[in-house]
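Asks: What follows is the file run-v8.tsv, containing TSV, C-alpha atoms:
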```
chain	number	residue	atom	x	y	z
A	1	MET	CA	-14.45	29.92	-15.58
A	2	ALA	CA	-13.31	26.68	-17.17
A	3	VAL	CA	-15.81	26.91	-20.03
A	4	ASP	CA	-14.27	30.23	-21.13
A	5	LEU	CA	-10.87	28.71	-21.89
A	6	SER	CA	-10.18	27.67	-25.45
A	7	GLU	CA	-7.82	24.78	-26.16
A	8	ARG	CA	-5.11	27.28	-27.09
A	9	LYS	CA	-5.48	29.17	-23.82
A	10	ARG	CA	-5.35	25.88	-21.91
A	11	ARG	CA	-2.09	24.88	-23.61
A	12	ILE	CA	-0.52	28.28	-22.95
A	13	LEU	CA	-1.63	28.32	-19.31
A	14	GLN	CA	-0.26	24.81	-18.80
A	15	ALA	CA	3.06	25.79	-20.42
A	16	ILE	CA	3.35	28.90	-18.22
A	17	ILE	CA	2.64	27.01	-15.00
A	18	ASP	CA	4.99	24.15	-15.89
A	19	GLU	CA	7.73	26.70	-16.62
A	20	TYR	CA	7.08	28.68	-13.44
A	21	ILE	CA	7.11	25.52	-11.27
A	22	GLY	CA	10.62	24.86	-12.50
A	23	THR	CA	12.10	28.37	-12.46
A	24	ALA	CA	10.18	30.50	-9.93
A	25	GLU	CA	10.71	33.38	-12.39
A	26	PRO	CA	7.91	35.34	-14.12
A	27	VAL	CA	7.27	33.78	-17.52
A	28	GLY	CA	7.28	35.83	-20.72
A	29	SER	CA	5.84	35.06	-24.15
A	30	ARG	CA	9.28	34.57	-25.74
A	31	ALA	CA	10.27	31.92	-23.21
A	32	ILE	CA	7.07	29.98	-23.93
A	33	SER	CA	7.35	30.28	-27.69
A	34	LYS	CA	10.92	28.92	-27.56
A	35	LYS	CA	10.41	26.08	-25.11
A	36	GLU	CA	6.97	24.82	-25.99
A	37	ASN	CA	5.93	23.30	-29.31
A	38	LEU	CA	2.83	25.45	-29.55
A	39	GLY	CA	3.26	26.59	-33.13
A	40	LEU	CA	2.36	30.14	-32.10
A	41	SER	CA	4.20	33.45	-32.44
A	42	SER	CA	5.33	35.47	-29.44
A	43	ALA	CA	2.77	38.12	-30.32
A	44	THR	CA	-0.11	35.62	-30.32
A	45	ILE	CA	1.07	34.11	-27.03
A	46	ARG	CA	1.40	37.59	-25.55
A	47	ASN	CA	-2.20	38.41	-26.51
A	48	GLU	CA	-3.47	35.16	-25.03
A	49	MET	CA	-1.49	35.81	-21.84
A	50	ALA	CA	-3.13	39.24	-21.56
A	51	ASP	CA	-6.53	37.55	-21.88
A	52	LEU	CA	-5.60	34.96	-19.23
A	53	GLU	CA	-4.52	37.78	-16.92
A	54	GLU	CA	-7.79	39.61	-17.46
A	55	MET	CA	-9.68	36.39	-16.71
A	56	GLY	CA	-7.83	36.01	-13.41
A	57	TYR	CA	-5.60	33.03	-14.22
A	58	LEU	CA	-2.33	35.00	-14.38
A	59	VAL	CA	-0.92	38.00	-12.59
A	60	GLN	CA	1.90	40.37	-13.53
A	61	PRO	CA	4.16	41.01	-10.53
A	62	HIS	CA	5.55	44.53	-10.22
A	63	THR	CA	6.54	45.91	-13.62
A	64	SER	CA	7.92	42.62	-14.93
A	65	ALA	CA	7.06	41.72	-18.51
A	66	GLY	CA	6.42	38.13	-17.40
A	67	ARG	CA	3.42	36.61	-15.67
A	68	VAL	CA	2.97	34.16	-12.82
A	69	PRO	CA	-0.04	31.95	-12.07
A	70	SER	CA	-2.73	33.22	-9.73
A	71	ASP	CA	-4.46	30.97	-7.19
A	72	ALA	CA	-7.24	30.52	-9.75
A	73	GLY	CA	-4.67	29.56	-12.37
A	74	TYR	CA	-3.17	26.89	-10.11
A	75	ARG	CA	-6.66	25.64	-9.24
A	76	PHE	CA	-7.55	25.26	-12.93
A	77	TYR	CA	-4.21	23.55	-13.53
A	78	VAL	CA	-4.78	21.03	-10.72
A	79	ASN	CA	-8.37	20.34	-11.75
A	80	SER	CA	-7.98	20.23	-15.52
A	81	LEU	CA	-4.46	20.51	-16.93
A	82	MET	CA	-1.74	18.70	-15.03
A	83	SER	CA	-0.45	15.47	-16.53
A	84	ASN	CA	-0.23	12.18	-14.64
A	85	TYR	CA	3.08	11.51	-12.95
A	86	LYS	CA	4.31	7.92	-12.99
A	87	ILE	CA	6.54	6.70	-10.20
A	88	GLY	CA	9.04	4.10	-11.40
A	89	MET	CA	8.43	0.45	-10.55
A	90	GLU	CA	11.75	0.19	-8.69
A	91	ALA	CA	10.78	3.08	-6.44
A	92	VAL	CA	7.35	1.51	-5.85
A	93	ALA	CA	8.89	-1.84	-4.89
A	94	GLU	CA	11.37	-0.15	-2.55
A	95	LEU	CA	8.56	1.85	-0.91
A	96	GLN	CA	6.48	-1.29	-0.35
A	97	GLY	CA	9.40	-3.10	1.21
A	98	LEU	CA	10.33	-0.23	3.52
A	99	LEU	CA	6.78	0.25	4.78
A	100	ARG	CA	6.14	-3.44	5.38
A	101	MET	CA	9.30	-3.68	7.46
A	102	ARG	CA	7.63	-1.31	9.93
A	103	VAL	CA	4.21	-2.97	10.17
A	104	SER	CA	4.78	-4.13	13.76
A	105	GLN	CA	4.07	-0.70	15.28
A	106	LEU	CA	1.48	1.68	13.88
A	107	GLU	CA	3.12	4.95	14.95
A	108	LYS	CA	6.44	3.97	13.40
A	109	LEU	CA	4.70	2.98	10.17
A	110	ILE	CA	2.93	6.36	9.85
A	111	LYS	CA	6.03	8.31	10.86
A	112	TYR	CA	8.13	6.47	8.31
A	113	ALA	CA	5.47	6.90	5.61
A	114	ALA	CA	5.65	10.67	6.17
A	115	SER	CA	9.42	10.51	5.86
A	116	ILE	CA	9.15	8.63	2.55
A	117	ALA	CA	6.57	11.15	1.26
A	118	SER	CA	8.97	13.98	2.07
A	119	SER	CA	11.81	12.17	0.31
A	120	LEU	CA	9.73	11.51	-2.82
A	121	THR	CA	8.25	15.00	-3.11
A	122	GLU	CA	11.10	17.05	-1.57
A	123	TYR	CA	8.56	19.08	0.41
A	124	THR	CA	7.52	19.30	4.06
A	125	THR	CA	5.15	16.51	5.10
A	126	VAL	CA	2.71	16.23	8.00
A	127	ALA	CA	1.15	12.94	9.11
A	128	THR	CA	-1.42	12.16	11.79
A	129	THR	CA	-2.03	8.90	13.63
A	130	PRO	CA	-5.57	7.60	14.23
A	131	LYS	CA	-7.42	8.47	17.42
A	132	GLU	CA	-7.25	5.92	20.20
A	133	ASN	CA	-10.99	5.25	20.23
A	134	ASN	CA	-10.82	3.68	16.77
A	135	PHE	CA	-9.15	0.65	18.32
A	136	GLU	CA	-10.44	-2.47	20.02
A	137	ILE	CA	-9.35	-3.96	23.30
A	138	LYS	CA	-6.71	-6.57	22.55
A	139	LYS	CA	-5.92	-7.70	26.08
A	140	ILE	CA	-6.46	-6.89	29.76
A	141	ASP	CA	-4.03	-8.05	32.43
A	142	LEU	CA	-3.99	-7.78	36.21
A	143	VAL	CA	-0.49	-8.40	37.54
A	144	PRO	CA	0.34	-8.51	41.28
A	145	ILE	CA	3.38	-6.31	41.88
A	146	ALA	CA	3.41	-5.99	45.69
A	147	SER	CA	1.32	-6.74	48.73
A	148	HIS	CA	-2.20	-5.38	48.11
A	149	THR	CA	-1.04	-3.73	44.86
A	150	VAL	CA	-1.92	-4.82	41.35
A	151	MET	CA	-0.90	-3.38	37.98
A	152	LEU	CA	-3.88	-3.09	35.62
A	153	ILE	CA	-2.74	-3.22	31.98
A	154	VAL	CA	-5.01	-2.45	29.02
A	155	VAL	CA	-3.69	-3.15	25.52
A	156	THR	CA	-5.23	-1.46	22.48
A	157	ARG	CA	-2.86	-0.05	19.85
A	158	ASN	CA	-0.88	1.19	22.85
A	159	VAL	CA	-0.27	-0.22	26.31
A	160	ARG	CA	-1.73	1.71	29.24
A	161	SER	CA	-1.32	0.78	32.87
A	162	GLN	CA	-2.24	1.89	36.34
A	163	ALA	CA	-1.24	0.64	39.76
A	164	MET	CA	-4.28	-0.12	41.95
A	165	SER	CA	-4.62	-0.94	45.62
A	166	ILE	CA	-6.52	-4.26	45.67
A	167	ASP	CA	-6.64	-6.94	48.35
A	168	ILE	CA	-6.60	-9.92	45.97
A	169	ASP	CA	-4.49	-13.06	45.72
A	170	SER	CA	-2.66	-14.20	42.57
A	171	GLU	CA	-5.20	-16.91	41.71
A	172	SER	CA	-8.15	-14.53	41.93
A	173	CYS	CA	-6.17	-11.96	39.96
A	174	GLU	CA	-5.71	-14.46	37.14
A	175	LYS	CA	-9.40	-15.43	37.20
A	176	LEU	CA	-10.45	-11.78	37.06
A	177	SER	CA	-8.14	-11.17	34.10
A	178	LYS	CA	-9.72	-14.10	32.24
A	179	LEU	CA	-13.25	-12.88	32.97
A	180	LEU	CA	-12.45	-9.36	31.81
A	181	ASN	CA	-10.89	-10.66	28.60
A	182	THR	CA	-13.84	-12.97	27.95
A	183	LYS	CA	-16.26	-10.07	28.26
A	184	LEU	CA	-14.26	-7.19	26.76
A	185	LYS	CA	-11.61	-8.49	24.36
A	186	GLY	CA	-12.35	-7.40	20.78
A	187	LEU	CA	-14.75	-4.61	21.78
A	188	LYS	CA	-14.41	-0.96	20.81
A	189	ALA	CA	-15.65	2.13	22.60
A	190	GLU	CA	-18.90	2.09	20.63
A	191	ASP	CA	-19.62	-1.48	21.84
A	192	ILE	CA	-19.48	-0.68	25.55
A	193	ASP	CA	-22.29	1.16	27.32
A	194	PHE	CA	-23.60	1.39	30.88
A	195	LYS	CA	-25.75	-1.71	30.46
A	196	LYS	CA	-22.73	-3.72	29.30
A	197	ILE	CA	-20.68	-2.60	32.31
A	198	GLN	CA	-23.52	-3.53	34.70
A	199	GLU	CA	-23.72	-6.98	33.11
A	200	ILE	CA	-19.97	-7.53	33.57
A	201	GLN	CA	-20.12	-6.28	37.16
A	202	LYS	CA	-22.87	-8.73	38.11
A	203	GLU	CA	-21.12	-11.73	36.55
A	204	ILE	CA	-17.79	-10.98	38.21
A	205	GLU	CA	-19.48	-10.41	41.58
A	206	ARG	CA	-21.15	-13.81	41.26
A	207	LYS	CA	-17.91	-15.62	40.46
A	208	LEU	CA	-15.38	-13.74	42.61
A	209	SER	CA	-15.43	-12.29	46.08
A	210	LEU	CA	-14.29	-8.77	45.22
A	211	ASN	CA	-14.99	-5.37	46.71
A	212	PRO	CA	-17.59	-3.76	44.37
A	213	LYS	CA	-15.79	-0.40	44.53
A	214	VAL	CA	-12.54	-2.01	43.32
A	215	LEU	CA	-14.35	-3.63	40.42
A	216	ILE	CA	-15.95	-0.31	39.48
A	217	ASP	CA	-12.50	1.37	39.52
A	218	ILE	CA	-11.12	-1.34	37.21
A	219	LEU	CA	-14.00	-1.07	34.75
A	220	HIS	CA	-13.81	2.73	34.76
A	221	PHE	CA	-10.11	2.63	33.89
A	222	VAL	CA	-10.73	0.18	31.04
A	223	TYR	CA	-13.63	2.25	29.75
A	224	ASP	CA	-11.76	5.56	30.04
A	225	THR	CA	-8.81	4.05	28.15
A	226	ILE	CA	-10.87	3.39	25.03
A	227	THR	CA	-13.43	6.21	25.20
A	228	GLU	CA	-11.20	9.17	25.94
A	229	ASP	CA	-10.99	11.67	23.11
A	230	GLY	CA	-7.40	10.77	22.38
A	231	GLU	CA	-5.58	13.35	20.30
A	232	THR	CA	-3.84	12.30	17.16
A	233	GLU	CA	-0.08	12.34	17.09
A	234	ILE	CA	1.45	14.78	14.60
A	235	TYR	CA	4.66	14.02	12.74
A	236	VAL	CA	6.46	16.68	10.68
A	237	ASN	CA	9.25	15.86	8.26
A	238	ASN	CA	11.67	18.14	6.43
A	239	ALA	CA	10.22	21.41	7.74
A	240	LYS	CA	13.28	23.37	6.67
A	241	SER	CA	12.86	22.31	3.03
A	242	ILE	CA	10.51	25.24	2.56
A	243	LEU	CA	13.47	27.59	3.05
A	244	ARG	CA	14.97	26.38	-0.23
A	245	TYR	CA	12.29	28.21	-2.18
A	246	PRO	CA	12.66	31.91	-3.07
A	247	GLU	CA	9.12	32.56	-1.84
A	248	TYR	CA	10.58	32.25	1.68
A	249	SER	CA	13.89	34.08	1.23
A	250	ASN	CA	12.60	36.86	3.49
A	251	VAL	CA	13.95	36.11	6.99
A	252	GLU	CA	10.83	37.23	8.86
A	253	LYS	CA	8.57	35.21	6.60
A	254	ALA	CA	10.83	32.15	6.95
A	255	GLU	CA	10.78	32.42	10.75
A	256	ARG	CA	6.97	32.64	10.76
A	257	ILE	CA	6.47	29.55	8.60
A	258	LEU	CA	8.98	27.52	10.63
A	259	SER	CA	7.26	28.61	13.84
A	260	PHE	CA	3.94	27.48	12.37
A	261	LEU	CA	5.36	24.08	11.42
A	262	GLU	CA	6.57	23.61	15.00
A	263	ASP	CA	3.12	24.33	16.47
A	264	LYS	CA	1.44	20.92	16.85
A	265	GLU	CA	-1.92	22.41	17.81
A	266	LYS	CA	-2.12	24.56	14.68
A	267	LEU	CA	-1.01	21.64	12.50
A	268	ARG	CA	-3.63	19.42	14.11
A	269	GLU	CA	-6.29	22.04	13.37
A	270	LEU	CA	-4.96	22.39	9.84
A	271	VAL	CA	-5.20	18.72	8.90
A	272	GLU	CA	-8.28	17.81	10.92
A	273	THR	CA	-10.41	20.48	9.20
A	274	ASP	CA	-9.26	19.15	5.83
A	275	SER	CA	-11.78	16.33	5.41
A	276	GLY	CA	-12.35	15.76	1.72
A	277	ASP	CA	-12.39	12.30	0.17
A	278	GLY	CA	-9.43	11.25	-1.92
A	279	ILE	CA	-6.66	13.73	-2.58
A	280	GLU	CA	-7.51	17.32	-1.73
A	281	ALA	CA	-5.49	20.43	-2.56
A	282	LYS	CA	-5.84	23.77	-0.85
A	283	ILE	CA	-4.08	26.45	-2.86
A	284	GLY	CA	-2.99	29.84	-1.57
A	285	LYS	CA	-5.90	31.74	-0.07
A	286	GLU	CA	-7.97	28.55	0.09
A	287	ASN	CA	-5.95	27.86	3.25
A	288	ASP	CA	-7.47	29.22	6.47
A	289	PHE	CA	-4.13	30.17	8.04
A	290	GLU	CA	-2.72	33.44	6.72
A	291	ILE	CA	0.88	32.14	6.90
A	292	LEU	CA	-0.02	29.43	4.38
A	293	GLN	CA	-1.53	31.74	1.78
A	294	ASP	CA	1.66	31.59	-0.26
A	295	CYS	CA	1.63	27.79	0.04
A	296	SER	CA	-0.37	24.81	-1.08
A	297	LEU	CA	-1.50	21.96	1.13
A	298	VAL	CA	-2.16	18.62	-0.54
A	299	SER	CA	-3.56	15.87	1.67
A	300	ILE	CA	-5.00	12.38	1.53
A	301	ASN	CA	-6.72	10.10	4.04
A	302	TYR	CA	-5.65	6.60	4.95
A	303	SER	CA	-7.98	4.05	6.49
A	304	LEU	CA	-8.13	1.45	9.24
A	305	GLY	CA	-10.20	-1.18	7.48
A	306	ASP	CA	-13.61	0.49	7.10
A	307	LYS	CA	-12.83	3.19	9.69
A	308	PRO	CA	-11.13	6.58	9.21
A	309	GLY	CA	-7.44	6.44	10.07
A	310	GLY	CA	-5.43	9.62	9.71
A	311	LYS	CA	-3.97	11.96	7.12
A	312	LEU	CA	-0.83	12.40	5.14
A	313	ALA	CA	-0.19	15.91	3.84
A	314	VAL	CA	2.41	17.85	1.89
A	315	ILE	CA	3.05	21.58	2.39
A	316	GLY	CA	5.02	23.47	-0.23
A	317	PRO	CA	5.04	26.60	-2.38
A	318	LYS	CA	2.06	27.21	-4.63
A	319	ARG	CA	4.28	26.34	-7.60
A	320	MET	CA	4.87	22.82	-6.24
A	321	ASN	CA	5.06	19.87	-8.63
A	322	TYR	CA	1.42	18.91	-8.14
A	323	SER	CA	1.42	15.85	-10.40
A	324	LYS	CA	4.37	14.31	-8.53
A	325	VAL	CA	2.86	15.15	-5.13
A	326	PHE	CA	-0.53	13.68	-6.08
A	327	ALA	CA	1.06	10.48	-7.41
A	328	SER	CA	3.31	10.09	-4.35
A	329	LEU	CA	0.53	10.58	-1.79
A	330	ASP	CA	-1.82	8.29	-3.68
A	331	LEU	CA	0.79	5.53	-3.79
A	332	ILE	CA	1.79	5.82	-0.13
A	333	SER	CA	-1.81	6.05	1.09
A	334	ASN	CA	-2.75	2.90	-0.84
A	335	GLU	CA	0.18	1.03	0.68
A	336	ILE	CA	-0.72	2.19	4.19
A	337	ASP	CA	-4.34	1.10	3.62
A	338	LYS	CA	-3.19	-2.38	2.58
A	339	ILE	CA	-0.81	-2.79	5.49
A	340	LEU	CA	-3.29	-1.50	8.08
A	341	GLY	CA	-5.99	-3.71	6.58
A	342	TYR	CA	-3.82	-6.72	7.45
A	343	TYR	CA	-2.96	-5.16	10.82
A	344	MET	CA	-6.59	-4.56	11.86
A	345	ASN	CA	-7.69	-8.01	10.72
A	346	GLY	CA	-4.88	-9.64	12.64
A	347	SER	CA	-3.33	-11.13	9.48
```
Hey, can you dump this file as structure tokens for me?

Replies:
Amino acid sequence: MAVDLSERKRRILQAIIDEYIGTAEPVGSRAISKKENLGLSSATIRNEMADLEEMGYLVQPHTSAGRVPSDAGYRFYVNSLMSNYKIGMEAVAELQGLLRMRVSQLEKLIKYAASIASSLTEYTTVATTPKENNFEIKKIDLVPIASHTVMLIVVTRNVRSQAMSIDIDSESCEKLSKLLNTKLKGLKAEDIDFKKIQEIQKEIERKLSLNPKVLIDILHFVYDTITEDGETEIYVNNAKSILRYPEYSNVEKAERILSFLEDKEKLRELVETDSGDGIEAKIGKENDFEILQDCSLVSINYSLGDKPGGKLAVIGPKRMNYSKVFASLDLISNEIDKILGYYMNGS
């Protein structure tokens, strides 16, 4: 459809959408002729608006004389019309400082990044953490805690532990910890297979007098820790912000959207099926969930070095300030990528 739009139609469509984003009221030709320096009469604008409606870019709600953008109109706006939004240098510097203060713990970093995104855009944000199996083994410890009882601790991005019944003295416990770290530290799930486990078993059996079943239990726990299909954590910020918009003034509709935003499984499905590169926008009926068909979802990926990390997304009305949302998500995602690059490289 884009080839059918003349420059004049483009300028009028952009003016209508910019006006509607700000007012949430149907836009008439007189309002556009007064506010925009188009150099066109109301009659000419009205004719062009009729054409844009016929082409599917505008709709006329009820019997109002004004028009509002359709999903296709918003899509054309996002793809071809919206101007670049520049975030001030002071805000950028503040964002960088706030995120770097929270580099010590990944979950806190992502949660805080979502909070900042919500503050910048004034919309609801959703963020996901990476899956556990993207991470390498950082350390394995065996700590005697009682007679014939040892605490097995596996450190990846998180710390997981399990008490095990093992007849082993403190010295042997320390030696076993060192052997396990020598063989497994720095490995990821994809690096460990059955052959690798057999190799480790044989070496440990040669060097330590240990019940083979106990060793198998230890190796299984370590392996399960890094190969389980760990679910991503979901963080939601500012869910109630959506109630500020007239699109959700209906009580029943408001309750349904808030219920959706509280459902972690649906949110996980929402963001995990959204897998485009760079910034992706799903507008209105482009969303799979019916409750979001009056909304837009804008999302971006962040990375863990050269591996996929998680997502940061904004949910708001279809008339959201797309240029500001795009700029905010792009900035925050870039900062997360930098920080996690240092984090994953141990810098």

Asks: Please report the interatomic distance between atom CA of A:Asp288 and atom CA of A:Pro26 in Å with one decimal.

Replies: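 A separation of 26.4 Å between them.
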
Asks: Excluding A:Lys240 and its own-chain neighbours fewer than 2 positions away, which residues fall within 10 Å of it when counting all atoms listed in the file? Please give them as a list in words.

Replies: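 Counting all atoms listed in the file, the residues come to Tyr123, Thr124, Asn237, Asn238, Ile242, Leu243, Arg244, Ala254, Ile257, Leu258 and Leu261 of chain A.
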
Asks: Please, what distance in Å, to one decimal, runs between atom CA of A:Glu252 and atom CA of A:Ser296?

Replies: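 Atom-to-atom, atom CA of A:Glu252 to atom CA of A:Ser296, that is 19.5 Å.
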
Asks: Residues within 6 Å of A:Thr156, please, as a list in words. Count all atoms listed in the file; anything in the same chain fewer than 5 positions from it doesn't count.

Replies: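 Near A:Thr156, the qualifying residues are Glu136, Ile137 and Lys138 of chain A.
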
Asks: Name the residues within 9 Å of (-1.3, 17.5, 0.7), counting all atoms listed in the file in the file's coordinates, and put them as a list of chain:residue names.

Replies: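 With a cut-off of 9 Å, the residues come to A:Thr125, A:Val126, A:Ile279, A:Glu280, A:Ala281, A:Lys282, A:Ser296, A:Leu297, A:Val298, A:Ser299, A:Ile300, A:Lys311, A:Leu312, A:Ala313, A:Val314, A:Ile315, A:Gly316, A:Val325, A:Phe326, A:Leu329.
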
Asks: Those residues you just picked out, can you put them in a file as a PDB file, in the frame of the given file with C-alpha atoms?

Replies:
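Saved file out-v2.pdb follows:
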```
ATOM      1  CA  THR A 125       5.150  16.510   5.100  1.00  0.00           C
ATOM      2  CA  VAL A 126       2.710  16.230   8.000  1.00  0.00           C
ATOM      3  CA  ILE A 279      -6.660  13.730  -2.580  1.00  0.00           C
ATOM      4  CA  GLU A 280      -7.510  17.320  -1.730  1.00  0.00           C
ATOM      5  CA  ALA A 281      -5.490  20.430  -2.560  1.00  0.00           C
ATOM      6  CA  LYS A 282      -5.840  23.770  -0.850  1.00  0.00           C
ATOM      7  CA  SER A 296      -0.370  24.810  -1.080  1.00  0.00           C
ATOM      8  CA  LEU A 297      -1.500  21.960   1.130  1.00  0.00           C
ATOM      9  CA  VAL A 298      -2.160  18.620  -0.540  1.00  0.00           C
ATOM     10  CA  SER A 299      -3.560  15.870   1.670  1.00  0.00           C
ATOM     11  CA  ILE A 300      -5.000  12.380   1.530  1.00  0.00           C
ATOM     12  CA  LYS A 311      -3.970  11.960   7.120  1.00  0.00           C
ATOM     13  CA  LEU A 312      -0.830  12.400   5.140  1.00  0.00           C
ATOM     14  CA  ALA A 313      -0.190  15.910   3.840  1.00  0.00           C
ATOM     15  CA  VAL A 314       2.410  17.850   1.890  1.00  0.00           C
ATOM     16  CA  ILE A 315       3.050  21.580   2.390  1.00  0.00           C
ATOM     17  CA  GLY A 316       5.020  23.470  -0.230  1.00  0.00           C
ATOM     18  CA  VAL A 325       2.860  15.150  -5.130  1.00  0.00           C
ATOM     19  CA  PHE A 326      -0.530  13.680  -6.080  1.00  0.00           C
ATOM     20  CA  LEU A 329       0.530  10.580  -1.790  1.00  0.00           C
TER      21      LEU A 329
END
```

Asks: Neighbours of A:Pro212 within 12 Å (all atoms listed in the file; same-chain residues fewer than 2 positions away dropped), as a PDB file with C-alpha atoms, in the coordinates of the input?

Replies:
```
ATOM      1  CA  ILE A 166      -6.520  -4.260  45.670  1.00  0.00           C
ATOM      2  CA  GLN A 198     -23.520  -3.530  34.700  1.00  0.00           C
ATOM      3  CA  ILE A 200     -19.970  -7.530  33.570  1.00  0.00           C
ATOM      4  CA  GLN A 201     -20.120  -6.280  37.160  1.00  0.00           C
ATOM      5  CA  LYS A 202     -22.870  -8.730  38.110  1.00  0.00           C
ATOM      6  CA  GLU A 203     -21.120 -11.730  36.550  1.00  0.00           C
ATOM      7  CA  ILE A 204     -17.790 -10.980  38.210  1.00  0.00           C
ATOM      8  CA  GLU A 205     -19.480 -10.410  41.580  1.00  0.00           C
ATOM      9  CA  ARG A 206     -21.150 -13.810  41.260  1.00  0.00           C
ATOM     10  CA  LEU A 208     -15.380 -13.740  42.610  1.00  0.00           C
ATOM     11  CA  SER A 209     -15.430 -12.290  46.080  1.00  0.00           C
ATOM     12  CA  LEU A 210     -14.290  -8.770  45.220  1.00  0.00           C
ATOM     13  CA  VAL A 214     -12.540  -2.010  43.320  1.00  0.00           C
ATOM     14  CA  LEU A 215     -14.350  -3.630  40.420  1.00  0.00           C
ATOM     15  CA  ILE A 216     -15.950  -0.310  39.480  1.00  0.00           C
ATOM     16  CA  ASP A 217     -12.500   1.370  39.520  1.00  0.00           C
ATOM     17  CA  ILE A 218     -11.120  -1.340  37.210  1.00  0.00           C
ATOM     18  CA  LEU A 219     -14.000  -1.070  34.750  1.00  0.00           C
TER      19      LEU A 219
END
```

Asks: Could you pull the residues within 6 Å of stretch 187-192 of chain A, counting all atoms listed in the file, minus those fewer than 2 positions along the same chain, as a list in words?

Replies: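 Neighbouring residues, sequence-local ones excluded: Glu136, Ile137, Leu184, Lys185, Lys196, Ile226 and Thr227 of chain A.
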
Asks: Would you work out the distance separating atom CA of A:Thr128 from atom CA of A:Ile234, expressed in Å to one decimal?

Replies: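 Computed distance, atom CA of A:Thr128 to atom CA of A:Ile234, equals 4.8 Å.
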
Asks: Please report, as a Markdown table, each residue of stretch 217-311 of chain A lying at most 12 Å from stretch 105-113 of chain A, together with the nearest pair of atoms and the separation in Å rounded to one decimal; use only C-alpha atoms, and order rows by chain and ascending residue number.

Replies:
```
| residue | atom | partner | partner_atom | distance |
| --- | --- | --- | --- | --- |
| A:Thr232 | CA | A:Glu107 | CA | 10.4 |
| A:Glu233 | CA | A:Glu107 | CA | 8.3 |
| A:Ile234 | CA | A:Lys111 | CA | 8.8 |
| A:Tyr235 | CA | A:Lys111 | CA | 6.2 |
| A:Val236 | CA | A:Lys111 | CA | 8.4 |
| A:Asn237 | CA | A:Lys111 | CA | 8.6 |
| A:Asn301 | CA | A:Ile110 | CA | 11.9 |
| A:Tyr302 | CA | A:Ile110 | CA | 9.9 |
| A:Ser303 | CA | A:Ile110 | CA | 11.6 |
| A:Leu304 | CA | A:Leu106 | CA | 10.7 |
| A:Gly309 | CA | A:Ile110 | CA | 10.4 |
| A:Gly310 | CA | A:Ile110 | CA | 9.0 |
| A:Lys311 | CA | A:Ile110 | CA | 9.3 |
```

Asks: Counting all atoms listed in the file, figure out which residue out of A:Ala15, A:Leu99, A:Val59, A:Ile21 gets nearest to A:Leu340.

Replies: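 Closest to A:Leu340, using all atoms listed in the file: A:Leu99.
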
Asks: Could you check which of A:Glu7, A:Glu247, A:Glu272, A:Asp193 is closest to A:Ala127, using all atoms listed in the file?

Replies: A:Glu272

Asks: Rank A:Cys295, A:His148, A:Arg319, A:Glu90 by their smallest atom-to-atom distance to A:Ile16, using all atoms listed in the file, and report the top residue only.

Replies: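 Of A:Cys295, A:His148, A:Arg319, A:Glu90, the one nearest A:Ile16, counting all atoms listed in the file, is A:Arg319.
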